[in-house]
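Engineer: Sharing upload14.csv, CSV, C-alpha atoms:
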chain,number,residue,atom,x,y,z
A,1,MET,CA,-2.5,-44.0,98.7
A,2,SER,CA,-5.3,-44.7,96.2
A,3,ASN,CA,-5.3,-43.8,92.6
A,4,SER,CA,-7.3,-40.5,92.2
A,5,ASN,CA,-7.2,-40.2,88.4
A,6,SER,CA,-10.8,-41.4,88.1
A,7,ARG,CA,-12.3,-39.2,90.8
A,8,PRO,CA,-13.9,-35.9,90.1
A,9,PRO,CA,-12.9,-32.7,92.0
A,10,TYR,CA,-14.6,-32.0,95.3
A,11,ARG,CA,-17.6,-29.7,94.6
A,12,GLY,CA,-18.2,-28.5,98.1
A,13,THR,CA,-17.6,-24.8,99.1
A,14,GLU,CA,-15.6,-25.4,102.3
A,15,LYS,CA,-12.8,-27.7,103.4
A,16,GLY,CA,-13.8,-31.0,104.9
A,17,LEU,CA,-12.3,-34.2,106.1
A,18,VAL,CA,-13.5,-37.8,105.8
A,19,ILE,CA,-12.1,-40.5,108.0
A,20,SER,CA,-12.9,-44.1,107.2
A,21,ILE,CA,-12.6,-47.0,109.6
A,22,ASP,CA,-12.4,-50.6,108.4
A,23,PHE,CA,-13.4,-52.3,111.6
A,24,GLY,CA,-12.5,-55.9,111.3
A,25,THR,CA,-12.9,-59.0,113.4
A,26,THR,CA,-9.1,-59.7,113.7
A,27,TYR,CA,-7.5,-56.6,112.1
A,28,SER,CA,-8.6,-53.0,111.5
A,29,GLY,CA,-7.4,-50.1,109.5
A,30,THR,CA,-8.2,-46.4,108.8
A,31,SER,CA,-7.6,-43.8,106.2
A,32,TRP,CA,-8.5,-40.2,105.6
A,33,ALA,CA,-9.1,-37.7,102.8
A,34,LEU,CA,-9.0,-33.9,102.9
A,35,LEU,CA,-11.8,-32.4,100.9
A,36,ASP,CA,-10.6,-29.2,99.3
A,37,PRO,CA,-13.0,-27.2,97.0
A,38,ASN,CA,-12.3,-27.9,93.3
A,39,GLN,CA,-9.5,-30.3,94.1
A,40,VAL,CA,-9.3,-34.1,93.6
A,41,SER,CA,-9.0,-35.7,97.0
A,42,GLN,CA,-6.2,-38.1,97.8
A,43,ILE,CA,-7.0,-41.0,100.1
A,44,ARG,CA,-4.2,-41.5,102.6
A,45,ASP,CA,-3.9,-44.9,104.4
A,46,VAL,CA,-2.7,-44.7,107.9
A,47,THR,CA,0.6,-46.5,108.5
A,48,GLY,CA,3.6,-46.3,110.9
A,49,TYR,CA,1.6,-47.4,114.0
A,50,GLU,CA,3.4,-47.1,117.3
A,51,GLY,CA,4.1,-50.7,118.4
A,52,GLN,CA,4.6,-51.9,114.8
A,53,GLU,CA,7.8,-50.2,114.0
A,54,ASP,CA,9.0,-53.4,112.3
A,55,GLU,CA,6.1,-53.2,110.0
A,56,ALA,CA,6.3,-49.6,109.0
A,57,ASN,CA,4.1,-50.0,105.9
A,58,SER,CA,1.4,-52.0,107.4
A,59,THR,CA,-2.1,-50.5,107.2
A,60,LYS,CA,-3.6,-52.9,109.8
A,61,ILE,CA,-3.5,-53.2,113.5
A,62,PRO,CA,-4.9,-56.0,115.7
A,63,SER,CA,-8.6,-55.7,116.8
A,64,VAL,CA,-7.5,-56.4,120.3
A,65,LEU,CA,-7.9,-54.5,123.7
A,66,PHE,CA,-6.5,-55.0,127.2
A,67,TYR,CA,-8.5,-54.0,130.2
A,68,ASP,CA,-7.6,-54.2,133.9
A,69,ARG,CA,-9.9,-55.9,136.4
A,70,PHE,CA,-11.8,-52.7,137.0
A,71,GLY,CA,-12.8,-52.4,133.3
A,72,GLU,CA,-10.2,-49.6,132.6
A,73,LEU,CA,-8.7,-49.7,129.1
A,74,GLN,CA,-4.9,-50.3,129.3
A,75,ALA,CA,-3.8,-51.0,125.7
A,76,ALA,CA,-5.3,-51.2,122.3
A,77,GLY,CA,-4.4,-52.2,118.7
A,78,ALA,CA,-0.7,-52.5,117.9
A,79,LYS,CA,0.4,-52.0,121.4
A,80,THR,CA,-1.3,-55.2,122.5
A,81,SER,CA,1.4,-57.1,120.5
A,82,ASP,CA,4.2,-55.4,122.3
A,83,PRO,CA,6.1,-58.0,124.4
A,84,GLU,CA,6.4,-55.7,127.4
A,85,ILE,CA,2.7,-55.0,127.3
A,86,GLU,CA,1.9,-58.7,127.1
A,87,MET,CA,4.1,-59.4,130.1
A,88,GLN,CA,2.5,-56.6,132.0
A,89,ALA,CA,-0.9,-57.9,131.1
A,90,GLN,CA,0.1,-61.4,132.4
A,91,ASP,CA,1.5,-60.0,135.6
A,92,GLU,CA,-1.5,-57.8,136.4
A,93,ASP,CA,-4.2,-60.2,135.2
A,94,TRP,CA,-5.5,-57.9,132.4
A,95,ILE,CA,-8.4,-59.1,130.3
A,96,ARG,CA,-7.6,-59.6,126.7
A,97,VAL,CA,-10.7,-58.8,124.6
A,98,GLU,CA,-10.8,-59.8,120.9
A,99,TRP,CA,-13.3,-60.9,118.3
A,100,PHE,CA,-15.7,-58.5,119.9
A,101,LYS,CA,-17.1,-57.4,116.5
A,102,LEU,CA,-18.9,-60.7,116.3
A,103,LEU,CA,-21.0,-59.7,119.3
A,104,LEU,CA,-23.0,-57.4,117.0
A,105,ARG,CA,-23.8,-60.2,114.5
A,106,PRO,CA,-27.5,-60.4,113.7
A,107,LEU,CA,-29.1,-63.1,115.8
A,108,GLY,CA,-30.0,-66.2,113.9
A,109,LYS,CA,-28.0,-65.1,110.9
A,110,ASP,CA,-25.7,-68.1,110.8
A,111,PRO,CA,-25.6,-71.6,112.3
A,112,GLU,CA,-21.8,-71.0,112.5
A,113,LEU,CA,-22.4,-68.7,115.5
A,114,ASP,CA,-22.2,-71.7,117.7
A,115,ASP,CA,-18.6,-72.2,116.6
A,116,ALA,CA,-17.7,-68.5,116.8
A,117,PRO,CA,-14.7,-67.6,119.0
A,118,LYS,CA,-15.9,-66.6,122.5
A,119,THR,CA,-15.3,-63.1,123.7
A,120,THR,CA,-14.7,-62.2,127.3
A,121,LEU,CA,-16.0,-58.7,128.1
A,122,PRO,CA,-14.3,-56.7,130.9
A,123,PRO,CA,-16.3,-55.7,134.0
A,124,TYR,CA,-18.9,-52.9,133.6
A,125,LYS,CA,-18.6,-52.9,129.8
A,126,THR,CA,-21.0,-53.9,127.1
A,127,ALA,CA,-20.1,-55.0,123.6
A,128,VAL,CA,-21.0,-51.5,122.4
A,129,ASP,CA,-18.8,-49.9,125.1
A,130,VAL,CA,-15.8,-52.1,124.0
A,131,ILE,CA,-16.4,-51.3,120.3
A,132,GLY,CA,-16.6,-47.6,121.2
A,133,ASP,CA,-13.2,-47.8,123.0
A,134,TYR,CA,-11.7,-49.5,120.0
A,135,ILE,CA,-12.9,-47.3,117.2
A,136,GLY,CA,-12.2,-44.3,119.4
A,137,HIS,CA,-8.6,-45.5,119.5
A,138,VAL,CA,-8.5,-46.1,115.7
A,139,ALA,CA,-9.9,-42.6,115.1
A,140,SER,CA,-7.2,-41.1,117.3
A,141,LEU,CA,-4.6,-42.8,115.1
A,142,ALA,CA,-6.1,-41.2,112.0
A,143,ARG,CA,-6.0,-37.8,113.7
A,144,LYS,CA,-2.3,-38.4,114.6
A,145,HIS,CA,-1.4,-39.4,111.1
A,146,PHE,CA,-3.2,-36.4,109.6
A,147,LEU,CA,-1.4,-34.0,112.0
A,148,GLU,CA,2.0,-35.5,111.2
A,149,ASN,CA,1.6,-35.6,107.4
A,150,MET,CA,-0.2,-32.4,106.3
A,151,ILE,CA,1.4,-29.0,105.9
A,152,GLY,CA,-0.5,-26.6,108.1
A,153,SER,CA,-2.3,-29.6,109.6
A,154,ALA,CA,-3.1,-28.0,113.0
A,155,VAL,CA,-4.8,-25.0,111.4
A,156,ILE,CA,-6.8,-27.3,109.0
A,157,TRP,CA,-7.8,-29.7,111.8
A,158,ASN,CA,-9.2,-26.8,113.9
A,159,GLU,CA,-11.1,-25.6,110.9
A,160,VAL,CA,-12.7,-29.0,110.0
A,161,LYS,CA,-12.8,-31.0,113.3
A,162,ASN,CA,-16.4,-30.2,114.1
A,163,ARG,CA,-17.7,-31.4,110.7
A,164,ILE,CA,-15.5,-34.5,110.1
A,165,GLN,CA,-17.5,-37.2,108.3
A,166,TYR,CA,-16.8,-40.8,109.5
A,167,VAL,CA,-17.4,-43.9,107.4
A,168,LEU,CA,-17.6,-47.3,109.1
A,169,SER,CA,-17.6,-50.5,107.1
A,170,HIS,CA,-19.6,-53.6,108.2
A,171,PRO,CA,-20.4,-57.0,106.8
A,172,ASN,CA,-23.0,-57.5,104.2
A,173,GLY,CA,-26.5,-58.0,105.8
A,174,TRP,CA,-26.0,-55.7,108.8
A,175,ALA,CA,-28.9,-53.4,109.0
A,176,MET,CA,-30.5,-50.7,111.2
A,177,SER,CA,-29.9,-52.5,114.5
A,178,GLN,CA,-26.2,-52.9,113.9
A,179,HIS,CA,-26.0,-49.3,112.5
A,180,ASP,CA,-27.6,-48.0,115.7
A,181,SER,CA,-25.1,-49.9,117.8
A,182,LEU,CA,-22.1,-48.7,115.7
A,183,ARG,CA,-23.4,-45.1,115.9
A,184,LYS,CA,-23.6,-45.4,119.7
A,185,ALA,CA,-20.1,-46.8,119.8
A,186,ALA,CA,-18.9,-43.9,117.7
A,187,ILE,CA,-20.4,-41.5,120.3
A,188,ILE,CA,-18.8,-43.5,123.2
A,189,GLY,CA,-15.5,-43.4,121.3
A,190,GLY,CA,-15.6,-39.6,121.1
A,191,LEU,CA,-15.9,-39.4,117.3
A,192,VAL,CA,-19.0,-37.2,117.4
A,193,PRO,CA,-21.2,-35.7,120.0
A,194,ASP,CA,-24.5,-37.2,121.0
A,195,THR,CA,-26.6,-34.7,119.0
A,196,ALA,CA,-28.6,-35.0,115.8
A,197,GLU,CA,-25.8,-33.2,114.0
A,198,GLY,CA,-23.2,-35.5,115.4
A,199,ARG,CA,-25.1,-38.7,114.6
A,200,ALA,CA,-25.6,-37.5,111.0
A,201,ARG,CA,-21.8,-37.4,110.6
A,202,ILE,CA,-21.6,-41.2,111.0
A,203,HIS,CA,-22.0,-43.1,107.7
A,204,PHE,CA,-22.0,-46.8,106.8
A,205,VAL,CA,-20.8,-48.9,103.8
A,206,SER,CA,-21.1,-52.6,103.4
A,207,GLU,CA,-17.8,-54.5,103.0
A,208,GLY,CA,-19.0,-55.7,99.6
A,209,GLU,CA,-19.5,-52.2,98.3
A,210,ALA,CA,-16.3,-50.9,99.8
A,211,SER,CA,-14.4,-53.8,98.2
A,212,PHE,CA,-15.8,-53.0,94.8
A,213,HIS,CA,-14.7,-49.3,95.1
A,214,TRP,CA,-11.3,-50.5,96.2
A,215,CYS,CA,-11.1,-52.7,93.0
A,216,LEU,CA,-11.9,-49.6,91.0
A,217,ALA,CA,-9.2,-47.5,92.7
A,218,GLU,CA,-6.5,-50.2,92.7
A,219,GLY,CA,-6.8,-52.3,89.6
A,220,LEU,CA,-10.1,-52.5,87.8
A,221,SER,CA,-9.9,-50.2,84.8
A,222,ARG,CA,-12.9,-47.9,84.3
A,223,ASN,CA,-12.5,-48.7,80.6
A,224,ASP,CA,-13.7,-52.2,81.3
A,225,LEU,CA,-16.8,-50.9,83.0
A,226,LYS,CA,-19.6,-51.1,80.5
A,227,LYS,CA,-23.3,-50.9,81.0
A,228,GLY,CA,-24.7,-54.3,81.7
A,229,ASN,CA,-21.4,-55.8,82.8
A,230,ARG,CA,-21.7,-57.8,86.0
A,231,TYR,CA,-19.1,-58.4,88.7
A,232,ILE,CA,-18.8,-60.7,91.7
A,233,VAL,CA,-16.8,-59.3,94.6
A,234,VAL,CA,-15.5,-61.6,97.4
A,235,ASP,CA,-14.1,-60.0,100.6
A,236,ALA,CA,-12.4,-62.7,102.6
A,237,GLY,CA,-11.9,-61.2,106.0
A,238,GLY,CA,-10.9,-62.2,109.5
A,239,GLY,CA,-14.4,-63.1,110.7
A,240,THR,CA,-16.6,-63.1,107.7
A,241,ILE,CA,-16.5,-63.8,104.0
A,242,ASP,CA,-18.8,-61.4,102.1
A,243,VAL,CA,-20.0,-62.0,98.6
A,244,SER,CA,-21.6,-59.3,96.5
A,245,SER,CA,-22.8,-59.1,92.9
A,246,PHE,CA,-23.1,-55.9,91.0
A,247,GLU,CA,-24.3,-54.8,87.5
A,248,VAL,CA,-23.2,-51.5,85.9
A,249,VAL,CA,-26.3,-49.4,85.3
A,250,SER,CA,-24.4,-46.4,83.9
A,251,THR,CA,-20.9,-45.2,83.6
A,252,GLY,CA,-21.3,-41.5,83.7
A,253,PRO,CA,-21.7,-41.1,86.5
A,254,LEU,CA,-21.0,-44.6,87.7
A,255,GLN,CA,-24.1,-46.3,89.0
A,256,LEU,CA,-24.4,-49.9,90.2
A,257,LYS,CA,-27.1,-52.2,91.3
A,258,GLU,CA,-27.1,-55.4,93.2
A,259,VAL,CA,-28.2,-58.4,91.1
A,260,ALA,CA,-28.4,-60.9,93.9
A,261,VAL,CA,-28.8,-60.7,97.6
A,262,SER,CA,-25.4,-60.1,99.2
A,263,SER,CA,-24.3,-62.7,101.6
A,264,SER,CA,-22.0,-62.8,104.7
A,265,ARG,CA,-20.8,-66.0,106.3
A,266,LEU,CA,-18.8,-66.6,109.4
A,267,ALA,CA,-16.0,-68.3,107.6
A,268,GLY,CA,-13.1,-65.9,107.9
A,269,SER,CA,-9.5,-66.5,108.7
A,270,VAL,CA,-10.1,-66.7,112.5
A,271,TYR,CA,-11.7,-70.1,111.8
A,272,VAL,CA,-8.5,-71.3,110.1
A,273,ASN,CA,-6.6,-70.3,113.2
A,274,GLN,CA,-9.1,-72.2,115.4
A,275,ALA,CA,-8.7,-75.3,113.3
A,276,PHE,CA,-4.9,-75.1,113.6
A,277,GLU,CA,-5.2,-74.6,117.3
A,278,ARG,CA,-7.4,-77.8,117.6
A,279,TYR,CA,-4.9,-79.6,115.4
A,280,VAL,CA,-2.0,-78.6,117.7
A,281,GLU,CA,-3.9,-79.5,120.9
A,282,GLU,CA,-4.8,-82.9,119.5
A,283,LYS,CA,-1.3,-83.6,118.3
A,284,LEU,CA,0.6,-82.3,121.4
A,285,VAL,CA,-1.8,-82.5,124.3
A,286,ASP,CA,-3.4,-85.9,123.5
A,287,GLY,CA,0.0,-87.3,122.5
A,288,GLY,CA,1.7,-86.1,125.7
A,289,SER,CA,4.4,-83.8,124.3
A,290,ILE,CA,6.5,-81.8,126.8
A,291,TYR,CA,5.6,-78.7,124.8
A,292,ALA,CA,1.8,-79.2,125.3
A,293,ASP,CA,1.4,-76.2,127.6
A,294,THR,CA,-0.8,-73.2,127.1
A,295,GLU,CA,2.0,-70.7,126.5
A,296,ASN,CA,3.7,-72.8,123.8
A,297,ILE,CA,0.4,-73.5,122.0
A,298,LYS,CA,-0.5,-69.8,122.1
A,299,GLN,CA,2.9,-68.9,120.6
A,300,MET,CA,2.4,-71.4,117.8
A,301,VAL,CA,-1.0,-70.1,116.9
A,302,GLN,CA,0.3,-66.5,116.9
A,303,GLU,CA,3.2,-67.5,114.6
A,304,PHE,CA,0.9,-69.4,112.4
A,305,GLU,CA,-1.4,-66.4,112.1
A,306,LYS,CA,1.5,-63.9,111.4
A,307,ARG,CA,3.6,-65.9,109.0
A,308,SER,CA,3.0,-69.6,108.3
A,309,LYS,CA,-0.6,-69.3,107.2
A,310,ARG,CA,0.2,-66.4,104.9
A,311,LYS,CA,2.9,-68.4,103.1
A,312,PHE,CA,0.6,-71.4,102.5
A,313,ARG,CA,0.1,-72.2,98.8
A,314,ASP,CA,-0.2,-76.0,98.4
A,315,VAL,CA,-1.7,-78.8,100.5
A,316,ASP,CA,1.3,-81.0,99.6
A,317,GLN,CA,3.9,-78.6,101.1
A,318,LYS,CA,5.2,-78.6,104.6
A,319,THR,CA,4.1,-75.9,107.0
A,320,ILE,CA,6.7,-74.7,109.5
A,321,VAL,CA,5.7,-72.9,112.6
A,322,LEU,CA,8.4,-71.3,114.8
A,323,PHE,CA,8.1,-71.1,118.6
A,324,GLY,CA,10.3,-71.0,121.7
A,325,SER,CA,14.0,-71.2,120.9
A,326,PRO,CA,16.3,-73.4,118.8
A,327,ARG,CA,16.7,-75.7,121.8
A,328,GLU,CA,13.1,-77.0,121.6
A,329,HIS,CA,13.3,-80.5,120.3
A,330,ASP,CA,10.8,-83.4,120.3
A,331,PRO,CA,11.1,-85.3,117.0
A,332,LYS,CA,8.2,-87.7,117.8
A,333,PHE,CA,5.9,-84.7,117.4
A,334,GLY,CA,7.6,-83.0,114.5
A,335,ILE,CA,9.4,-80.5,116.6
A,336,ARG,CA,13.0,-79.7,115.7
A,337,SER,CA,15.1,-76.7,116.6
A,338,GLY,CA,12.2,-74.6,117.7
A,339,ARG,CA,10.1,-75.5,114.7
A,340,LEU,CA,6.8,-77.4,114.6
A,341,ILE,CA,6.7,-79.1,111.2
A,342,VAL,CA,3.3,-80.1,109.8
A,343,GLU,CA,3.7,-82.5,106.9
A,344,GLY,CA,1.8,-81.8,103.7
A,345,HIS,CA,-1.6,-83.4,102.9
A,346,SER,CA,-1.4,-86.2,105.4
A,347,GLY,CA,-0.8,-83.6,108.1
A,348,ARG,CA,-3.7,-81.4,107.0
A,349,TYR,CA,-5.6,-79.5,109.7
A,350,PRO,CA,-9.0,-80.8,110.6
A,351,GLU,CA,-12.1,-79.5,108.9
A,352,THR,CA,-13.5,-76.2,110.3
A,353,SER,CA,-17.1,-77.4,110.4
Once you've parsed the file, please lay out its structure as C-alpha cells.

Structural biologist:
Amino acid sequence: MSNSNSRPPYRGTEKGLVISIDFGTTYSGTSWALLDPNQVSQIRDVTGYEGQEDEANSTKIPSVLFYDRFGELQAAGAKTSDPEIEMQAQDEDWIRVEWFKLLLRPLGKDPELDDAPKTTLPPYKTAVDVIGDYIGHVASLARKHFLENMIGSAVIWNEVKNRIQYVLSHPNGWAMSQHDSLRKAAIIGGLVPDTAEGRARIHFVSEGEASFHWCLAEGLSRNDLKKGNRYIVVDAGGGTIDVSSFEVVSTGPLQLKEVAVSSSRLAGSVYVNQAFERYVEEKLVDGGSIYADTENIKQMVQEFEKRSKRKFRDVDQKTIVLFGSPREHDPKFGIRSGRLIVEGHSGRYPETS
C-alpha cells in the first residue's frame, strides 16, 4: 500500500474506482484505489494470487499465457507456473505465449529488435487479441482482490463498475499507434465496452512518469522537491530500460516537465536470461554433457530467473543454479548434487550484444 500522506482528498462528487495495470514484458501487476468524496485515496496493490501461494506478498505475476491448438485460452499469469498446469500443457501440446508485449514495439525503434525473444502466437489470434486476453485476466484479479478486501465491496462494485477508470503503463516513446492497440486490447479483454464512453475510460502513463510518482510515494520526500531541481529516473524492467529526466516547475501543485527526450531501449532482464541460456547451451550442449537436453536447460533458465540472478552482486562470486535432483552429477561441467556452478569472472556469461 502506498503512502497517502502527500495526496489531497478526492474532490469528486460520487464514488469512483481506478484500476492500474503495469503490463510488463516478463511480469505484470495491478493495483486499485477507491475514490471517495473528500477522502484521501489509498492505493492497494493486488497480492495473494492463486497459483503463487508460496509467494503471498508478491505483487507480480508472469506475463505468460497458455492456449490450446484451437486458440482457446487455457491458463494465464500465475497459474502458468503451476507444475500440474505445465504438465497438462506438455501432454496436450498447449502453446506457451510470452514476451508478447514486444510485438507492439514501434517499428524501427531499436536495432535490438533483431535480438528480441521470438513470440509464437496461437491460431486465430493477433498480438492485440493476446494482449486483450492477458490484461482482461489481470483486471479480473483486481476485481477479485477488491471484492475480497473491501467492506461492502459488492454494493460498491455495482455502484462504480460502469465508470471504472483504467490506467495502463507503457514504455517511454510509445505513442498513438500503441495507445490505439492497447485500447482495442482493453475492449477485447472486457475492461470497457466498445463505445466512446468506454474508450474514454482507458488512460495511459509512461513507465518513466509512473516510476517518478512511485518514488514520490515510496521514498522521495516532497521536502526535497524544490523548483528547479532535476531528477533522472531509470526503470529497469523485463523487456526495456526506460530513462526519463524531469525538472520541478512548481511544488504547489506539483508540476514537472521533461528536460530531455525520454528513452526506451530493449535491454531488460529478459536479455540477461537469454545470455545465460546461450552460456548453458554452449557449455553443456557443445561440450557433450549428459544434462544437455531441452528440459534440463529450461529448468536451469527458470531457476536462474527466479533465484540465482536476483542474488547476483559481484562478478567474482560463484553463481549456483539448482535443477533436477541431488543425484545429478557431472563435475566436468560444474554440476554437483543437482547444482550448476558458474565460477566468478572467468565464468562470466557472454555479452548480450

Engineer: I'd like the contact shell of Ser140 (chain A) - 12 Å cut-off, all atoms listed in the file, skipping same-chain residues fewer than 4 positions apart - returned as a list in words.

Structural biologist: Ile19, Ser20, Ile21, Gly29, Thr30, Ser31, Trp32, Val46, Tyr49, Ala76, Gly77, Asp133, Tyr134, Ile135, Gly136, Lys144, His145, Phe146, Leu147, Gly189, Gly190 and Leu191 of chain A

Engineer: Within 10 Å of Lys79 (chain A), counting all atoms listed in the file, which residues show up once you throw out same-chain ones fewer than 2 positions away? Write them as a VMD selection string, please.

Structural biologist: chain A and resid 49 to 52 61 to 62 64 to 66 74 to 77 81 to 86

Engineer: Using only C-alpha atoms, determine which residues lie at most 12 Å from Trp214 (chain A), disregarding the query and same-chain residues fewer than 2 positions distant; provide the list as a ChimeraX atom specification.

Structural biologist: /A:1-4,43,207-212,216-221,233-235

Engineer: So how far away is CA of Ile232 (chain A) from CA of Pro8 (chain A), in Å?

Structural biologist: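 Taking CA of Pro8 (chain A) as the start and CA of Ile232 (chain A) as the end point, the length is 25.3 Å.
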
Engineer: Hey, which of A:Val18, A:Ala78, A:Gln274, A:Lys311 ends up closest to His203 (chain A)? Count all atoms listed in the file.

Structural biologist: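 Closest residue, counting all atoms listed in the file: A:Val18.
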
Engineer: Might you pull out every residue within 8 Å of Pro123 (chain A), with all atoms listed in the file counted and same-chain residues fewer than 4 positions away left off, and present them as a list in words?

Structural biologist: Arg69, Phe70 and Gly71 of chain A

Engineer: Between CA of Glu92 (chain A) and CA of Pro122 (chain A), what distance in Å does the model show, to one decimal?

Structural biologist: 14.0 Å

Engineer: Could you work out how far CA of Val301 (chain A) lies from CA of Gln90 (chain A), giving the answer in Å with one decimal?

Structural biologist: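 Result for CA of Gln90 (chain A) versus CA of Val301 (chain A): 17.8 Å, one decimal.
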
Engineer: For Leu73 (chain A), which of A:Val130, A:Val321, A:Ala33, A:Ile290 is the closest residue, counting all atoms listed in the file?

Structural biologist: A:Val130

Engineer: Hey, which of A:Glu303, A:Glu72, A:Asp129, A:Asp22 ends up closest to Gly238 (chain A)? Count only C-alpha atoms.

Structural biologist: A:Asp22

Engineer: I need the residue nearest Leu104 (chain A) from this list: A:Glu14, A:Glu277, A:Asp194, A:Asp180. Use only C-alpha atoms for the distance.

Structural biologist: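 The closest residue to Leu104 (chain A) is A:Asp180.
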
Engineer: Which of these residues is nearest to Asn162 (chain A), using all atoms listed in the file: A:Lys15, A:Lys125, A:Lys298, A:Lys101?

Structural biologist: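 Of the candidates, the smallest distance to Asn162 (chain A) is held by A:Lys15.
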
Engineer: Which neighbours of region 280-284 of chain A fall inside 9 Å, counting all atoms listed in the file, when residues of the same chain fewer than 3 positions from it are skipped, and could you give them as a short mmCIF file (atom, residue, chain, number, x, y, z; two decimals) with C-alpha atoms, in the coordinates of the input?

Structural biologist:
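Writing the result to result-v4.cif gives the following:
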data_model
loop_
_atom_site.label_atom_id
_atom_site.label_comp_id
_atom_site.auth_asym_id
_atom_site.auth_seq_id
_atom_site.Cartn_x
_atom_site.Cartn_y
_atom_site.Cartn_z
CA ALA A 275 -8.70 -75.30 113.30
CA PHE A 276 -4.90 -75.10 113.60
CA GLU A 277 -5.20 -74.60 117.30
CA GLY A 287 0.00 -87.30 122.50
CA GLY A 288 1.70 -86.10 125.70
CA SER A 289 4.40 -83.80 124.30
CA ILE A 290 6.50 -81.80 126.80
CA TYR A 291 5.60 -78.70 124.80
CA ALA A 292 1.80 -79.20 125.30
CA ASP A 293 1.40 -76.20 127.60
CA ILE A 297 0.40 -73.50 122.00
CA MET A 300 2.40 -71.40 117.80
CA VAL A 301 -1.00 -70.10 116.90
CA PHE A 333 5.90 -84.70 117.40
CA TYR A 349 -5.60 -79.50 109.70
#

Engineer: Between A:Trp174, A:Trp99, A:Phe312, A:Tyr10, single out the one closest to Ile131 (chain A), counting all atoms listed in the file.

Structural biologist: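 Answer, going by the shortest atom-to-atom distance: A:Trp99.
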
Engineer: Mind listing as a PyMOL selection string all residues within 10 Å of (-20.2, -40.0, 106.1), counting only C-alpha atoms?

Structural biologist: chain A and resi 17-20+164-168+199-205

Engineer: Which protein, DNA or RNA residues are at most 12 Å from (-23.8, -54.7, 88.0) in the file's coordinates when you count all atoms listed in the file, listed as a list in words?

Structural biologist: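 Within 12 Å of (-23.8, -54.7, 88.0), the protein and nucleic acid residues are Glu209, Phe212, Leu225, Lys226, Lys227, Gly228, Asn229, Arg230, Tyr231, Ile232, Val233, Ser244, Ser245, Phe246, Glu247, Val248, Val249, Ser250, Thr251, Leu254, Gln255, Leu256, Lys257, Glu258, Val259 and Ala260 of chain A.
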
Engineer: Could you write out that same residue set with C-alpha atoms as a PDB file, keeping the file's coordinate frame?

Structural biologist:
ATOM      1  CA  GLU A 209     -19.500 -52.200  98.300  1.00  0.00           C
ATOM      2  CA  PHE A 212     -15.800 -53.000  94.800  1.00  0.00           C
ATOM      3  CA  LEU A 225     -16.800 -50.900  83.000  1.00  0.00           C
ATOM      4  CA  LYS A 226     -19.600 -51.100  80.500  1.00  0.00           C
ATOM      5  CA  LYS A 227     -23.300 -50.900  81.000  1.00  0.00           C
ATOM      6  CA  GLY A 228     -24.700 -54.300  81.700  1.00  0.00           C
ATOM      7  CA  ASN A 229     -21.400 -55.800  82.800  1.00  0.00           C
ATOM      8  CA  ARG A 230     -21.700 -57.800  86.000  1.00  0.00           C
ATOM      9  CA  TYR A 231     -19.100 -58.400  88.700  1.00  0.00           C
ATOM     10  CA  ILE A 232     -18.800 -60.700  91.700  1.00  0.00           C
ATOM     11  CA  VAL A 233     -16.800 -59.300  94.600  1.00  0.00           C
ATOM     12  CA  SER A 244     -21.600 -59.300  96.500  1.00  0.00           C
ATOM     13  CA  SER A 245     -22.800 -59.100  92.900  1.00  0.00           C
ATOM     14  CA  PHE A 246     -23.100 -55.900  91.000  1.00  0.00           C
ATOM     15  CA  GLU A 247     -24.300 -54.800  87.500  1.00  0.00           C
ATOM     16  CA  VAL A 248     -23.200 -51.500  85.900  1.00  0.00           C
ATOM     17  CA  VAL A 249     -26.300 -49.400  85.300  1.00  0.00           C
ATOM     18  CA  SER A 250     -24.400 -46.400  83.900  1.00  0.00           C
ATOM     19  CA  THR A 251     -20.900 -45.200  83.600  1.00  0.00           C
ATOM     20  CA  LEU A 254     -21.000 -44.600  87.700  1.00  0.00           C
ATOM     21  CA  GLN A 255     -24.100 -46.300  89.000  1.00  0.00           C
ATOM     22  CA  LEU A 256     -24.400 -49.900  90.200  1.00  0.00           C
ATOM     23  CA  LYS A 257     -27.100 -52.200  91.300  1.00  0.00           C
ATOM     24  CA  GLU A 258     -27.100 -55.400  93.200  1.00  0.00           C
ATOM     25  CA  VAL A 259     -28.200 -58.400  91.100  1.00  0.00           C
ATOM     26  CA  ALA A 260     -28.400 -60.900  93.900  1.00  0.00           C
TER      27      ALA A 260
END
